[in-house]
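*Asks:* Take this structure first; my questions come after.
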Amino acid sequence: MGSVPAIWMRWLAVGREREDQLVPTLAAREGVPEDSMEVRLSACALLDTIGVAMEHWAWQDEAEDGAELTRRALHCLRINAL
């Protein structure tokens with residue numbers, strides 16, 4: 001398959017940095033250790049959900065309200081209190 005393009009590696013690194021920034025907040029909120037798998041999964045799911053909602057918003061001809069799309073997306077994960 002060959003080597004991974006540098007831009008893709010940077011994309012992955014930025015995503016990991018965002019997760020690392022979010023993990024302490026989620027861990028404190030839930031009262032669990034920052035190194036728990038559940039906290040890392042929550043951070044990944046939350047960031048990806050917001051990203052998908054914003055991509056959907058960006059590709060619409062007549063864009064819906066971005067905040068409402070994000071709320072709908074989070075509701076799909078049952079993360080309503082954020």
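Residue numbering restarts at 1 for every chain of the structure tokens, chains are lettered A, B, ... in their displayed order, and ligands are numbered from 1 as they appear.
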Hey, what's within 10 Å of Thr25 in chain A if we count only C-alpha atoms and toss same-chain stuff fewer than 5 positions away? As a list in words, please?

*Replies:*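 Counting only the stated atoms, we get Asp20, Glu30, Gly31, Glu34, Val39 and Ala43 of chain A.
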
*Asks:* Compile the contact shell of range 69-74 of chain A as an NGL selection string: residues with an atom at most 10 Å away, counting only C-alpha atoms, same-chain residues fewer than 2 positions apart removed.

*Replies:* :A and (45-46 or 48-54 or 56-57 or 63-67 or 76-82)

*Asks:* From a DSSP pass on the backbone, collect the residues of chain A flagged as helix (DSSP H, G or I) and hand them back as a PyMOL selection string.

*Replies:* chain A and resi 6-30+37-58+66-77

*Asks:* Need to verify the contact set: Glu38 in chain A, 10 Å, only C-alpha atoms, exclusion of same-chain residues closer than 6 positions in sequence. Can you return it as a list in words?

*Replies:* Val23, Leu26, Ala27, Val32 and Cys44 of chain A

*Asks:* Would you save the residues from that selection as a short mmCIF file (atom, residue, chain, number, x, y, z; two decimals), in the first residue's frame, using all heavy atoms?

*Replies:*
```
data_model
loop_
_atom_site.label_atom_id
_atom_site.label_comp_id
_atom_site.auth_asym_id
_atom_site.auth_seq_id
_atom_site.Cartn_x
_atom_site.Cartn_y
_atom_site.Cartn_z
N VAL A 23 -9.85 14.87 27.33
CA VAL A 23 -9.88 13.79 28.31
C VAL A 23 -9.92 14.27 29.76
O VAL A 23 -10.74 13.78 30.55
CB VAL A 23 -8.73 12.80 28.05
CG1 VAL A 23 -8.43 11.94 29.27
CG2 VAL A 23 -9.05 11.92 26.85
N LEU A 26 -13.49 15.43 30.67
CA LEU A 26 -14.46 14.33 30.75
C LEU A 26 -14.19 13.45 31.96
O LEU A 26 -15.13 13.02 32.64
CB LEU A 26 -14.42 13.49 29.47
CG LEU A 26 -14.88 14.18 28.20
CD1 LEU A 26 -14.69 13.26 26.99
CD2 LEU A 26 -16.33 14.62 28.31
N ALA A 27 -12.93 13.19 32.25
CA ALA A 27 -12.60 12.35 33.41
C ALA A 27 -13.05 13.01 34.71
O ALA A 27 -13.65 12.35 35.57
CB ALA A 27 -11.09 12.08 33.44
N VAL A 32 -13.67 9.64 36.97
CA VAL A 32 -12.91 8.43 36.63
C VAL A 32 -11.48 8.83 36.26
O VAL A 32 -11.21 10.00 35.96
CB VAL A 32 -13.56 7.66 35.45
CG1 VAL A 32 -14.96 7.18 35.85
CG2 VAL A 32 -13.64 8.51 34.20
N CYS A 44 -13.19 10.52 21.83
CA CYS A 44 -13.18 10.23 20.39
C CYS A 44 -14.59 10.35 19.80
O CYS A 44 -14.78 10.98 18.75
CB CYS A 44 -12.66 8.82 20.13
SG CYS A 44 -10.92 8.59 20.47
#
```

*Asks:* Pick the closest to Glu17 in chain A from A:Arg40, A:Glu68, A:His75, A:Asp61: which is it, counting only C-alpha atoms?

*Replies:*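 Using only C-alpha atoms, Glu17 in chain A sits closest to A:Arg40.
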
*Asks:* May I ask for the distance between CA of Ile7 in chain A and CA of Ser42 in chain A, given in Å to one decimal place?

*Replies:*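 Value for the CA of Ile7 in chain A-CA of Ser42 in chain A distance: 25.2 Å.
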
*Asks:* Record the distance separating CA of Pro5 in chain A and CA of Arg18 in chain A, expressed in Å with one decimal.

*Replies:*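 Rounded to one decimal, the two atoms are 20.6 Å apart.
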
*Asks:* Could you state the separation of CA of Pro24 in chain A and CA of Met9 in chain A in Å, given to one decimal place?

*Replies:*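 According to the coordinates, CA of Pro24 in chain A and CA of Met9 in chain A are separated by 24.0 Å.
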